[in-house]
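Below: protein-v2.tsv (TSV, C-alpha atoms)
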chain	number	residue	atom	x	y	z
Z	451	MET	CA	-25.72	3.36	-15.77
Z	452	SER	CA	-24.44	0.31	-13.94
Z	453	THR	CA	-26.85	-1.82	-11.91
Z	454	TYR	CA	-24.22	-2.73	-9.30
Z	455	ASP	CA	-25.60	-2.95	-5.78
Z	456	LEU	CA	-23.37	-0.64	-3.74
Z	457	SER	CA	-25.58	-0.54	-0.65
Z	458	GLU	CA	-22.53	-1.22	1.53
Z	459	PHE	CA	-21.23	2.25	0.59
Z	460	LYS	CA	-24.44	4.15	1.23
Z	461	ASN	CA	-24.52	6.77	3.98
Z	462	LYS	CA	-20.87	6.11	4.82
Z	463	LYS	CA	-18.09	8.68	5.01
Z	464	ILE	CA	-15.97	7.86	1.96
Z	465	ALA	CA	-12.47	9.04	1.09
Z	466	LEU	CA	-10.50	8.94	-2.14
Z	467	VAL	CA	-6.72	8.61	-1.69
Z	468	LEU	CA	-4.73	9.39	-4.85
Z	469	SER	CA	-1.06	8.52	-5.31
Z	470	GLY	CA	1.68	10.25	-7.25
Z	471	GLY	CA	3.13	9.13	-10.55
Z	472	VAL	CA	3.15	12.30	-12.71
Z	473	VAL	CA	0.82	12.55	-15.74
Z	474	LYS	CA	0.32	8.80	-16.12
Z	475	ALA	CA	-1.02	8.54	-12.57
Z	476	ALA	CA	-3.20	11.62	-13.06
Z	477	ALA	CA	-4.82	10.04	-16.14
Z	478	TRP	CA	-5.31	6.74	-14.25
Z	479	HIS	CA	-7.00	8.60	-11.37
Z	480	ILE	CA	-9.33	10.31	-13.85
Z	481	GLY	CA	-10.32	6.88	-15.22
Z	482	VAL	CA	-11.00	5.63	-11.69
Z	483	THR	CA	-13.15	8.67	-10.87
Z	484	LEU	CA	-15.03	8.30	-14.17
Z	485	ALA	CA	-16.00	4.79	-13.07
Z	486	LEU	CA	-17.00	5.95	-9.59
Z	487	GLU	CA	-19.12	8.71	-11.07
Z	488	GLU	CA	-20.82	6.29	-13.49
Z	489	LEU	CA	-21.58	3.93	-10.60
Z	490	GLY	CA	-23.48	6.73	-8.89
Z	491	PHE	CA	-20.93	8.20	-6.48
Z	492	THR	CA	-21.07	11.96	-5.96
Z	493	LEU	CA	-17.68	13.67	-6.06
Z	494	VAL	CA	-18.06	16.67	-3.77
Z	495	GLY	CA	-16.80	19.93	-5.27
Z	496	ASN	CA	-17.32	23.64	-4.90
Z	497	ARG	CA	-18.97	24.08	-8.30
Z	498	ASN	CA	-21.82	21.69	-7.44
Z	499	SER	CA	-22.25	22.59	-3.78
Z	500	SER	CA	-21.46	25.21	-1.15
Z	501	ILE	CA	-20.28	25.13	2.44
Z	502	ASP	CA	-23.51	26.67	3.74
Z	503	ASN	CA	-25.97	24.74	1.55
Z	504	HIS	CA	-24.31	21.36	1.02
Z	505	VAL	CA	-26.84	18.54	0.79
Z	506	LYS	CA	-25.20	15.20	1.50
Z	507	SER	CA	-25.96	12.36	-0.91
Z	508	SER	CA	-26.10	8.68	0.11
Z	509	LEU	CA	-23.09	7.79	-2.11
Z	510	GLU	CA	-20.81	10.74	-1.49
Z	511	ILE	CA	-17.03	11.04	-1.68
Z	512	GLY	CA	-16.24	14.09	0.42
Z	513	THR	CA	-12.63	13.52	1.51
Z	514	TYR	CA	-9.66	13.73	-0.85
Z	515	VAL	CA	-6.10	12.83	0.14
Z	516	GLY	CA	-3.51	13.51	-2.54
Z	517	SER	CA	0.23	13.30	-3.04
Z	518	SER	CA	2.12	14.69	-6.04
Z	519	ALA	CA	-0.06	14.15	-9.16
Z	520	GLY	CA	-2.78	12.87	-6.84
Z	521	ALA	CA	-2.70	16.23	-5.06
Z	522	MET	CA	-3.50	18.08	-8.29
Z	523	ILE	CA	-6.38	15.74	-9.20
Z	524	SER	CA	-7.71	16.05	-5.63
Z	525	VAL	CA	-7.73	19.82	-5.97
Z	526	PHE	CA	-9.49	19.66	-9.36
Z	527	LEU	CA	-12.19	17.42	-7.91
Z	528	ALA	CA	-12.58	19.61	-4.82
Z	529	CYS	CA	-13.02	22.64	-7.10
Z	530	GLY	CA	-15.92	20.81	-8.72
Z	531	TYR	CA	-14.46	19.84	-12.08
Z	532	THR	CA	-15.90	16.55	-13.30
Z	533	PRO	CA	-13.57	13.75	-14.43
Z	534	GLN	CA	-14.69	14.34	-18.03
Z	535	GLU	CA	-13.95	18.05	-17.75
Z	536	ILE	CA	-10.50	17.30	-16.38
Z	537	ILE	CA	-9.58	14.90	-19.19
Z	538	ASN	CA	-11.00	17.26	-21.82
Z	539	GLY	CA	-9.49	20.41	-20.35
Z	540	ALA	CA	-6.17	19.53	-18.72
Z	541	PHE	CA	-5.22	17.17	-21.57
Z	542	GLY	CA	-6.76	19.35	-24.29
Z	543	LEU	CA	-8.96	16.64	-25.79
Z	544	SER	CA	-11.72	19.14	-26.55
Z	545	LYS	CA	-12.75	22.70	-25.85
Z	546	SER	CA	-13.31	23.26	-22.16
Z	547	GLU	CA	-13.59	25.98	-19.53
Z	548	MET	CA	-10.57	24.33	-17.99
Z	549	LYS	CA	-7.18	25.55	-19.14
Z	550	LYS	CA	-4.91	23.02	-20.83
Z	551	LEU	CA	-1.84	21.81	-18.94
Z	552	THR	CA	1.26	22.31	-21.09
Z	553	TYR	CA	4.91	21.31	-21.02
Z	554	MET	CA	5.69	24.95	-20.21
Z	555	HIS	CA	3.79	24.51	-16.94
Z	556	MET	CA	5.37	21.14	-16.20
Z	557	PHE	CA	8.95	22.04	-17.09
Z	558	HIS	CA	9.27	25.51	-15.62
Z	559	LEU	CA	13.03	26.09	-15.41
Z	560	ASN	CA	14.45	26.39	-11.92
Z	561	LYS	CA	16.51	29.57	-11.80
Z	562	ILE	CA	17.63	29.39	-8.19
Z	563	ASN	CA	21.18	28.18	-7.53
Z	564	MET	CA	21.41	27.65	-3.77
Z	565	LYS	CA	24.69	28.41	-1.98
Z	566	PRO	CA	25.87	26.17	0.88
Z	567	LYS	CA	26.48	27.73	4.28
Z	568	PHE	CA	28.94	25.03	5.22
Z	569	LYS	CA	31.40	24.87	2.35
Z	570	GLY	CA	33.28	21.63	1.83
Z	571	ALA	CA	30.66	19.58	3.67
Z	572	TYR	CA	29.60	17.70	0.56
Z	573	SER	CA	31.73	17.16	-2.53
Z	574	PRO	CA	30.42	14.18	-4.53
Z	575	LEU	CA	33.00	14.67	-7.31
Z	576	GLU	CA	36.03	15.18	-5.08
Z	577	GLU	CA	37.92	12.12	-6.35
Z	578	PHE	CA	36.93	12.51	-9.99
Z	579	PRO	CA	39.26	13.83	-12.72
Z	580	GLY	CA	39.42	17.61	-13.05
Z	581	PHE	CA	37.69	17.82	-16.45
Z	582	ILE	CA	34.67	15.90	-15.09
Z	583	ARG	CA	34.45	18.16	-12.04
Z	584	LYS	CA	34.67	21.28	-14.21
Z	585	PHE	CA	31.79	20.07	-16.39
Z	586	ALA	CA	29.52	18.52	-13.77
Z	587	GLU	CA	29.89	20.69	-10.64
Z	588	PRO	CA	27.87	23.67	-11.99
Z	589	LEU	CA	24.99	21.31	-12.78
Z	590	LEU	CA	25.13	19.53	-9.43
Z	591	ARG	CA	24.89	22.81	-7.52
Z	592	PHE	CA	21.29	23.23	-8.68
Z	593	PRO	CA	18.70	21.58	-6.39
Z	594	GLY	CA	16.70	20.53	-9.47
Z	595	LEU	CA	16.49	21.25	-13.17
Z	596	PHE	CA	12.87	22.35	-13.01
Z	597	SER	CA	10.50	23.99	-10.56
Z	598	THR	CA	6.84	23.29	-9.78
Z	599	GLU	CA	6.32	27.06	-9.75
Z	600	GLY	CA	4.86	26.58	-13.23
Z	601	VAL	CA	2.24	24.21	-11.83
Z	602	ARG	CA	1.40	26.68	-9.06
Z	603	LYS	CA	0.85	29.44	-11.61
Z	604	TYR	CA	-1.27	27.09	-13.72
Z	605	LEU	CA	-3.57	26.47	-10.75
Z	606	LEU	CA	-3.85	30.17	-9.96
Z	607	ASP	CA	-4.58	31.12	-13.57
Z	608	GLY	CA	-8.35	30.73	-13.40
Z	609	LEU	CA	-8.53	27.13	-12.16
Z	610	LEU	CA	-8.70	27.69	-8.41
Z	611	ASP	CA	-11.75	29.65	-7.31
Z	612	VAL	CA	-10.35	29.47	-3.77
Z	613	ASP	CA	-6.80	29.08	-2.48
Z	614	ASN	CA	-7.59	28.20	1.14
Z	615	PHE	CA	-8.39	24.68	2.33
Z	616	GLU	CA	-11.11	26.09	4.59
Z	617	ASP	CA	-13.06	27.31	1.54
Z	618	PHE	CA	-13.50	23.83	0.05
Z	619	VAL	CA	-16.78	22.04	0.72
Z	620	ALA	CA	-14.89	18.76	0.63
Z	621	ASP	CA	-12.17	17.88	3.12
Z	622	VAL	CA	-8.92	18.12	1.16
Z	623	PHE	CA	-5.53	16.95	2.44
Z	624	ILE	CA	-2.25	17.33	0.55
Z	625	VAL	CA	0.88	15.50	1.66
Z	626	GLY	CA	4.49	16.72	1.44
Z	627	THR	CA	7.87	15.62	2.77
Z	628	GLN	CA	10.08	18.16	4.51
Z	629	LEU	CA	13.53	18.17	2.91
Z	630	ASP	CA	15.61	19.06	5.97
Z	631	HIS	CA	13.83	16.78	8.41
Z	632	SER	CA	12.44	13.25	8.65
Z	633	GLN	CA	8.99	14.80	8.72
Z	634	LYS	CA	5.87	14.26	6.69
Z	635	THR	CA	3.53	17.26	6.52
Z	636	ILE	CA	-0.20	17.02	5.85
Z	637	TRP	CA	-1.78	20.29	4.79
Z	638	GLY	CA	-5.50	20.84	5.18
Z	639	LYS	CA	-8.20	22.67	7.11
Z	640	TYR	CA	-7.93	20.63	10.32
Z	641	ASN	CA	-5.18	20.84	12.92
Z	642	TYR	CA	-5.32	17.19	13.98
Z	643	PRO	CA	-2.86	15.67	16.48
Z	644	ASN	CA	0.18	13.84	15.13
Z	645	PRO	CA	-0.86	10.51	13.55
Z	646	GLY	CA	-0.55	7.69	16.07
Z	647	HIS	CA	1.57	5.45	13.85
Z	648	ASP	CA	4.17	8.16	13.06
Z	649	SER	CA	5.12	10.82	15.60
Z	650	THR	CA	7.23	12.65	13.00
Z	651	ALA	CA	4.19	13.36	10.79
Z	652	VAL	CA	2.33	16.61	11.43
Z	653	TYR	CA	-0.88	18.28	10.30
Z	654	GLN	CA	-0.46	21.91	9.29
Z	655	THR	CA	-3.04	24.60	8.55
Z	656	GLY	CA	-2.69	28.10	7.15
Z	657	VAL	CA	-0.86	27.14	3.93
Z	658	LYS	CA	-2.24	28.06	0.50
Z	659	VAL	CA	-3.64	25.21	-1.60
Z	660	SER	CA	-1.53	26.21	-4.62
Z	661	ASN	CA	1.67	26.20	-2.55
Z	662	ALA	CA	0.89	22.85	-0.92
Z	663	THR	CA	0.15	21.27	-4.31
Z	664	ALA	CA	3.38	22.61	-5.84
Z	665	ALA	CA	5.36	21.35	-2.83
Z	666	SER	CA	3.81	17.88	-2.99
Z	667	MET	CA	4.64	17.62	-6.72
Z	668	SER	CA	8.35	18.46	-6.31
Z	669	VAL	CA	9.76	15.10	-7.34
Z	670	PRO	CA	13.56	14.94	-6.99
Z	671	PRO	CA	15.82	15.10	-8.93
Z	672	PHE	CA	13.63	16.55	-11.70
Z	673	TYR	CA	12.10	19.30	-9.57
Z	674	ALA	CA	13.74	21.54	-7.01
Z	675	PRO	CA	12.36	21.45	-3.46
Z	676	PHE	CA	9.52	23.95	-3.06
Z	677	PRO	CA	9.71	26.64	-0.32
Z	678	ILE	CA	6.81	27.20	2.07
Z	679	LYS	CA	6.75	29.58	5.01
Z	680	ASN	CA	5.81	27.81	8.23
Z	681	PRO	CA	2.62	29.57	9.46
Z	682	THR	CA	3.74	29.26	13.09
Z	683	SER	CA	7.51	29.76	13.12
Z	684	LYS	CA	7.58	31.94	9.95
Z	685	GLU	CA	10.67	30.02	8.84
Z	686	ILE	CA	11.06	28.89	5.23
Z	687	ASN	CA	10.93	25.11	4.93
Z	688	TYR	CA	11.62	23.20	1.71
Z	689	TYR	CA	9.43	20.30	0.59
Z	690	ILE	CA	9.65	17.41	-1.83
Z	691	ASP	CA	7.31	14.69	-3.13
Z	692	GLY	CA	4.65	13.72	-0.59
Z	693	GLU	CA	5.10	9.97	-1.04
Z	694	ILE	CA	8.82	9.69	-0.39
Z	695	ARG	CA	8.34	9.11	3.33
Z	696	GLU	CA	5.15	7.06	3.13
Z	697	THR	CA	3.19	5.81	0.13
Z	698	LEU	CA	-0.61	6.10	0.23
Z	699	SER	CA	-1.55	8.14	3.29
Z	700	THR	CA	-4.73	6.22	4.05
Z	701	HIS	CA	-4.23	7.02	7.74
Z	702	VAL	CA	-5.18	10.64	6.94
Z	703	ALA	CA	-8.62	9.50	5.83
Z	704	GLU	CA	-8.91	7.41	9.00
Z	705	ASP	CA	-7.92	10.44	11.10
Z	706	ASN	CA	-10.74	12.30	9.31
Z	707	GLY	CA	-13.24	9.68	10.45
Z	708	CYS	CA	-13.83	7.98	7.11
Z	709	ASP	CA	-15.52	4.58	7.02
Z	710	ILE	CA	-14.46	3.53	3.50
Z	711	ILE	CA	-11.16	4.48	1.88
Z	712	ILE	CA	-10.70	4.01	-1.87
Z	713	SER	CA	-7.02	4.20	-2.85
Z	714	SER	CA	-5.91	4.67	-6.45
Z	715	TRP	CA	-2.29	4.07	-7.42
Z	716	THR	CA	-0.21	3.05	-10.45
Z	717	HIS	CA	3.07	1.71	-9.02
Z	718	THR	CA	2.60	-1.88	-10.18
Z	719	PRO	CA	5.85	-3.63	-11.17
Z	720	TYR	CA	6.08	-5.45	-14.48
Z	721	HIS	CA	5.73	-9.25	-14.43
Z	722	TYR	CA	7.30	-11.23	-17.24
Z	723	HIS	CA	5.17	-11.42	-20.37
Z	724	ASP	CA	6.10	-13.55	-23.38
Z	725	GLU	CA	5.12	-10.83	-25.80
Z	726	VAL	CA	7.51	-8.37	-24.13
Z	727	GLY	CA	10.35	-10.42	-22.68
Z	728	SER	CA	12.81	-9.24	-20.06
Z	729	LEU	CA	13.18	-5.59	-19.10
Z	730	VAL	CA	16.94	-6.00	-19.43
Z	731	ASN	CA	16.43	-5.60	-23.17
Z	732	TYR	CA	14.77	-2.18	-22.82
Z	733	GLY	CA	17.57	-0.21	-21.24
Z	734	LEU	CA	18.15	1.74	-18.06
Z	735	PRO	CA	14.86	3.74	-17.92
Z	736	SER	CA	12.67	0.62	-17.77
Z	737	ILE	CA	14.96	-0.99	-15.17
Z	738	ALA	CA	14.89	2.21	-13.07
Z	739	ILE	CA	11.09	2.39	-13.25
Z	740	GLN	CA	10.81	-1.27	-12.25
Z	741	SER	CA	13.15	-0.67	-9.29
Z	742	ILE	CA	11.11	2.32	-8.10
Z	743	TYR	CA	7.84	0.44	-8.49
Z	744	LEU	CA	9.21	-2.55	-6.58
Z	745	LEU	CA	10.20	-0.29	-3.69
Z	746	ILE	CA	6.86	1.51	-3.61
Z	747	GLN	CA	4.75	-1.63	-3.99
Z	748	LYS	CA	6.68	-3.24	-1.13
Z	749	LYS	CA	5.76	-0.36	1.18
Z	750	ILE	CA	2.08	-0.66	0.25
Z	751	VAL	CA	2.07	-4.46	0.61
Z	752	ALA	CA	3.86	-4.22	3.97
Z	753	SER	CA	1.33	-1.70	5.21
Z	754	ARG	CA	-1.61	-3.86	4.15
Z	755	ALA	CA	0.03	-6.97	5.64
Z	756	LEU	CA	0.53	-5.18	8.96
Z	757	ARG	CA	-3.14	-4.24	8.99
Z	758	ALA	CA	-4.17	-7.82	8.16
Z	759	THR	CA	-2.02	-9.09	11.04
Z	760	GLY	CA	-3.62	-6.58	13.39
Z	761	LEU	CA	-7.12	-7.66	12.36
Z	762	ASP	CA	-6.15	-11.31	12.88
Z	763	ILE	CA	-4.87	-10.50	16.38
Z	764	LEU	CA	-8.15	-8.77	17.26
Z	765	ASP	CA	-10.21	-11.70	15.93
Z	766	THR	CA	-8.06	-14.26	17.78
Z	767	VAL	CA	-8.26	-12.41	21.09
Z	768	SER	CA	-12.00	-11.85	20.67
Z	769	GLU	CA	-12.61	-15.56	20.04
Z	770	TYR	CA	-10.47	-16.51	23.05
Z	771	MET	CA	-12.40	-14.17	25.34
Z	772	LYS	CA	-15.69	-15.62	24.12
Z	773	GLN	CA	-14.47	-19.15	24.85
Z	774	GLU	CA	-13.36	-18.09	28.32
Z	775	ASN	CA	-16.74	-16.45	28.99
Z	776	PHE	CA	-15.48	-12.87	29.35
Z	777	THR	CA	-18.33	-10.43	29.77
Z	778	SER	CA	-19.28	-8.30	26.78
Z	779	ALA	CA	-18.07	-5.19	28.61
Z	780	HIS	CA	-14.64	-6.73	29.32
Z	781	ARG	CA	-14.27	-7.94	25.73
Z	782	ARG	CA	-15.18	-4.50	24.42
Z	783	ASP	CA	-12.72	-2.73	26.75
Z	784	ILE	CA	-9.82	-5.09	26.00
Z	785	LEU	CA	-10.39	-4.91	22.23
Z	786	ALA	CA	-10.54	-1.12	22.43
Z	787	ILE	CA	-7.16	-1.08	24.17
Z	788	LEU	CA	-5.68	-3.37	21.52
Z	789	GLU	CA	-7.07	-1.19	18.72
Z	790	ARG	CA	-5.40	1.88	20.24
Z	791	LYS	CA	-2.08	0.05	20.70
Z	792	LEU	CA	-2.18	-1.32	17.15
Z	793	HIS	CA	-3.35	2.03	15.69
Z	794	LEU	CA	-6.11	0.09	13.97
Z	795	ASN	CA	-9.79	0.72	13.38
Z	796	PRO	CA	-11.29	-2.62	12.24
Z	797	LYS	CA	-14.49	-0.90	11.08
Z	798	VAL	CA	-12.65	0.98	8.32
Z	799	LYS	CA	-12.74	-0.70	4.92
Z	800	LEU	CA	-9.79	-0.27	2.51
Z	801	ILE	CA	-10.21	-0.70	-1.24
Z	802	ASP	CA	-7.16	-0.59	-3.53
Z	803	ILE	CA	-7.45	0.12	-7.26
Z	804	TYR	CA	-4.20	-0.45	-9.11
Z	805	PRO	CA	-3.04	-1.78	-12.52
Z	806	SER	CA	-2.62	-5.43	-13.38
Z	807	HIS	CA	0.95	-6.74	-13.40
Z	808	HIS	CA	0.44	-7.68	-17.03
Z	809	ASP	CA	-0.63	-4.25	-18.28
Z	810	TYR	CA	2.78	-3.67	-19.84
Z	811	LYS	CA	1.50	-0.87	-22.07
Z	812	LEU	CA	0.73	1.20	-18.99
Z	813	PHE	CA	4.04	0.25	-17.40
Z	814	PHE	CA	6.00	1.46	-20.45
Z	815	ALA	CA	3.89	4.62	-20.91
Z	816	ASN	CA	5.86	7.86	-20.55
Z	817	SER	CA	4.99	9.26	-17.12
Z	818	PHE	CA	5.56	12.85	-18.29
Z	819	SER	CA	3.73	12.61	-21.62
Z	820	LEU	CA	0.78	14.91	-22.33
Z	821	ASN	CA	0.02	13.01	-25.54
Z	822	PRO	CA	-3.75	12.34	-25.57
Z	823	LYS	CA	-3.20	8.79	-26.87
Z	824	VAL	CA	-0.95	7.96	-23.92
Z	825	ALA	CA	-3.39	9.53	-21.48
Z	826	SER	CA	-6.32	7.74	-23.13
Z	827	HIS	CA	-4.89	4.29	-22.37
Z	828	ALA	CA	-4.30	5.19	-18.71
Z	829	VAL	CA	-7.82	6.63	-18.38
Z	830	LYS	CA	-9.40	3.53	-19.92
Z	831	ALA	CA	-7.25	1.21	-17.80
Z	832	GLY	CA	-8.16	3.06	-14.59
Z	833	TYR	CA	-11.86	3.00	-15.50
Z	834	LYS	CA	-11.81	-0.71	-16.33
Z	835	ARG	CA	-9.87	-1.66	-13.21
Z	836	ALA	CA	-12.19	0.33	-10.92
Z	837	MET	CA	-15.20	-1.43	-12.44
Z	838	GLU	CA	-13.51	-4.82	-11.95
Z	839	VAL	CA	-12.64	-4.16	-8.29
Z	840	LEU	CA	-16.08	-2.84	-7.40
Z	841	SER	CA	-17.78	-5.79	-9.12
Z	842	GLN	CA	-16.19	-8.27	-6.74
Z	843	PRO	CA	-18.59	-10.39	-4.63
Z	844	GLU	CA	-18.28	-8.35	-1.45
Z	845	PHE	CA	-19.77	-5.33	-3.25
Z	846	LEU	CA	-22.62	-7.13	-5.04
Translate this file's structure into structure tokens.
Amino acid sequence: MSTYDLSEFKNKKIALVLSGGVVKAAAWHIGVTLALEELGFTLVGNRNSSIDNHVKSSLEIGTYVGSSAGAMISVFLACGYTPQEIINGAFGLSKSEMKKLTYMHMFHLNKINMKPKFKGAYSPLEEFPGFIRKFAEPLLRFPGLFSTEGVRKYLLDGLLDVDNFEDFVADVFIVGTQLDHSQKTIWGKYNYPNPGHDSTAVYQTGVKVSNATAASMSVPPFYAPFPIKNPTSKEINYYIDGEIRETLSTHVAEDNGCDIIISSWTHTPYHYHDEVGSLVNYGLPSIAIQSIYLLIQKKIVASRALRATGLDILDTVSEYMKQENFTSAHRRDILAILERKLHLNPKVKLIDIYPSHHDYKLFFANSFSLNPKVASHAVKAGYKRAMEVLSQPEFL
């Protein structure tokens, strides 16, 4: 057991925000949670507690916010599976009560070929030669090669003891992106108002956990959008990956009143390494992954920079008011107004756990691989990185 002094975390409301990134990200998250568990954090789950008899510990993580692969890991943790049980069971490293995740679950063929209502509205191959259109058009009519229906069935096949958010001891939030709208949907047990920083984002209750998880994991173009019936309008809406609109929904944890938010993510771009050389030598897949990671990392960095600017504004205004002898009451009122306008709570602490730019083995790892050796590296890297971050001076 580590002797780290984590008194700053004690008796605080702590959230764990888990990003997407398919199997590689899931294994990384497991490594991070293994480290948190070893440090003494309690991961709240139904198998080790109950809604009526939950006894809060001083180092408790009781809020999970997940997108895509992070949604599945969040659900596993909320069910009460330990990180070790997840790595042993889901990845089949040893015998476990937990059912193994297989390629049959991950690559469930999509059998639905949607038909457009407005014919002729979209013809991407219109100017191409006839033989190309004849070959490609049948494939392009499908909304995705695979469906996350296999993942939904996997969850329902003995893994989920409950399928309603309200039945979890922990507060669980799963994020999806509505296909036919510029809307981000956050499924959970609480019907909170729209987030202040994004009026197009909505909280929604009354959706099954298995459906929300499958919807959040529908990564285009591999997976077809997942249908969910709107509990209020009864209309069928289609959803795709929860992080397309916004990466790392830390604001959800803030909306839930959390004091400390630990975010785990794997979208770290490659930085040149002599042993590896340029990505141009490794073909289109590595270049595509780098491009995606650059886009995602930029959104995270921009979000953190915006927060840092907001905190600097608050500090500058506070110092000015002190110099000008504003009363404590006036300073407090003005700062409160600024916090509302900036959508910023300076008391909330954000902690990011992500791979090093030079961990090229993790960068090149197959995101869809269920190979235990591939998963093992991601688990170890996540564990090591979490220990490094939490050993920094501000936590000792």
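CA of Tyr640 (chain Z) sits 14.8 Å away from CA of Thr682 (chain Z).
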### Summary
The distance between CA of Met771 (chain Z) and CA of Asn795 (chain Z) is 19.3 Å
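Among the candidates Z:Leu761, Z:Ala528, Z:Leu629, Z:Val839, the residue lying nearest to Val482 (chain Z) is Z:Val839 (atoms considered: only C-alpha atoms).
With all atoms listed in the file as the basis for measurement, Z:Ala703 is the residue among Z:Ala521, Z:Ala703, Z:Met548, Z:Val467 that approaches Pro645 (chain Z) most closely.
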### Task
Have a look at CA of Ser753 (chain Z) and CA of His808 (chain Z) and let me know their distance in Å, one decimal.
23.0 Å
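Ranking Z:Thr716, Z:Thr777, Z:Cys708, Z:Ser728 by their shortest atom-to-atom distance to Leu812 (chain Z), with only C-alpha atoms included, puts Z:Thr716 first.
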### Query
For Val601 (chain Z), which of Z:Asp617, Z:Val472, Z:Asp724, Z:Trp715 is the closest residue, counting only C-alpha atoms?
Z:Val472
### Task
Tell me, as a ChimeraX atom specification, which residues lie within 9 Å of Glu535 (chain Z), counting all atoms listed in the file; anything in the same chain fewer than 5 positions away does not count.
/Z:540,546-548
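Of the residues listed (Z:Ala755, Z:Val730, Z:Leu489, Z:Val525), Z:Leu489 shows the shortest atom-to-atom separation from Leu456 (chain Z); distances use all atoms listed in the file.
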### Query
Closest to Val625 (chain Z) among Z:Thr552, Z:Ser683, Z:Ser666, Z:Thr513, using only C-alpha atoms?
Z:Ser666
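Every protein, DNA or RNA residue with an atom at most 9 Å from Ser819 (chain Z), where all atoms listed in the file count and chain neighbours fewer than 2 positions away do not, is listed here: Val472, Val473, Lys474, Tyr553, Ala815, Asn816, Ser817, Asn821, Pro822, Val824 and Ala825 of chain Z.
Residues with any atom within 8 Å of the point (7.4, 13.4, 4.2), counting only C-alpha atoms, are Val625, Gly626, Thr627, Gln628, Leu629, Ser632, Gln633, Lys634, Thr635, Ala651, Ile690, Asp691, Gly692, Glu693, Ile694, Arg695 and Glu696 of chain Z.
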### Query
Once you count all atoms listed in the file, which residues end up no further than 9 Å from (-8.0, 5.3, 10.9) in the file's frame, shown as a list in words?
Thr700, His701, Val702, Ala703, Glu704, Asp705, Asn706, Gly707, Cys708, Asp709, His793, Leu794, Asn795, Pro796, Lys797 and Val798 of chain Z
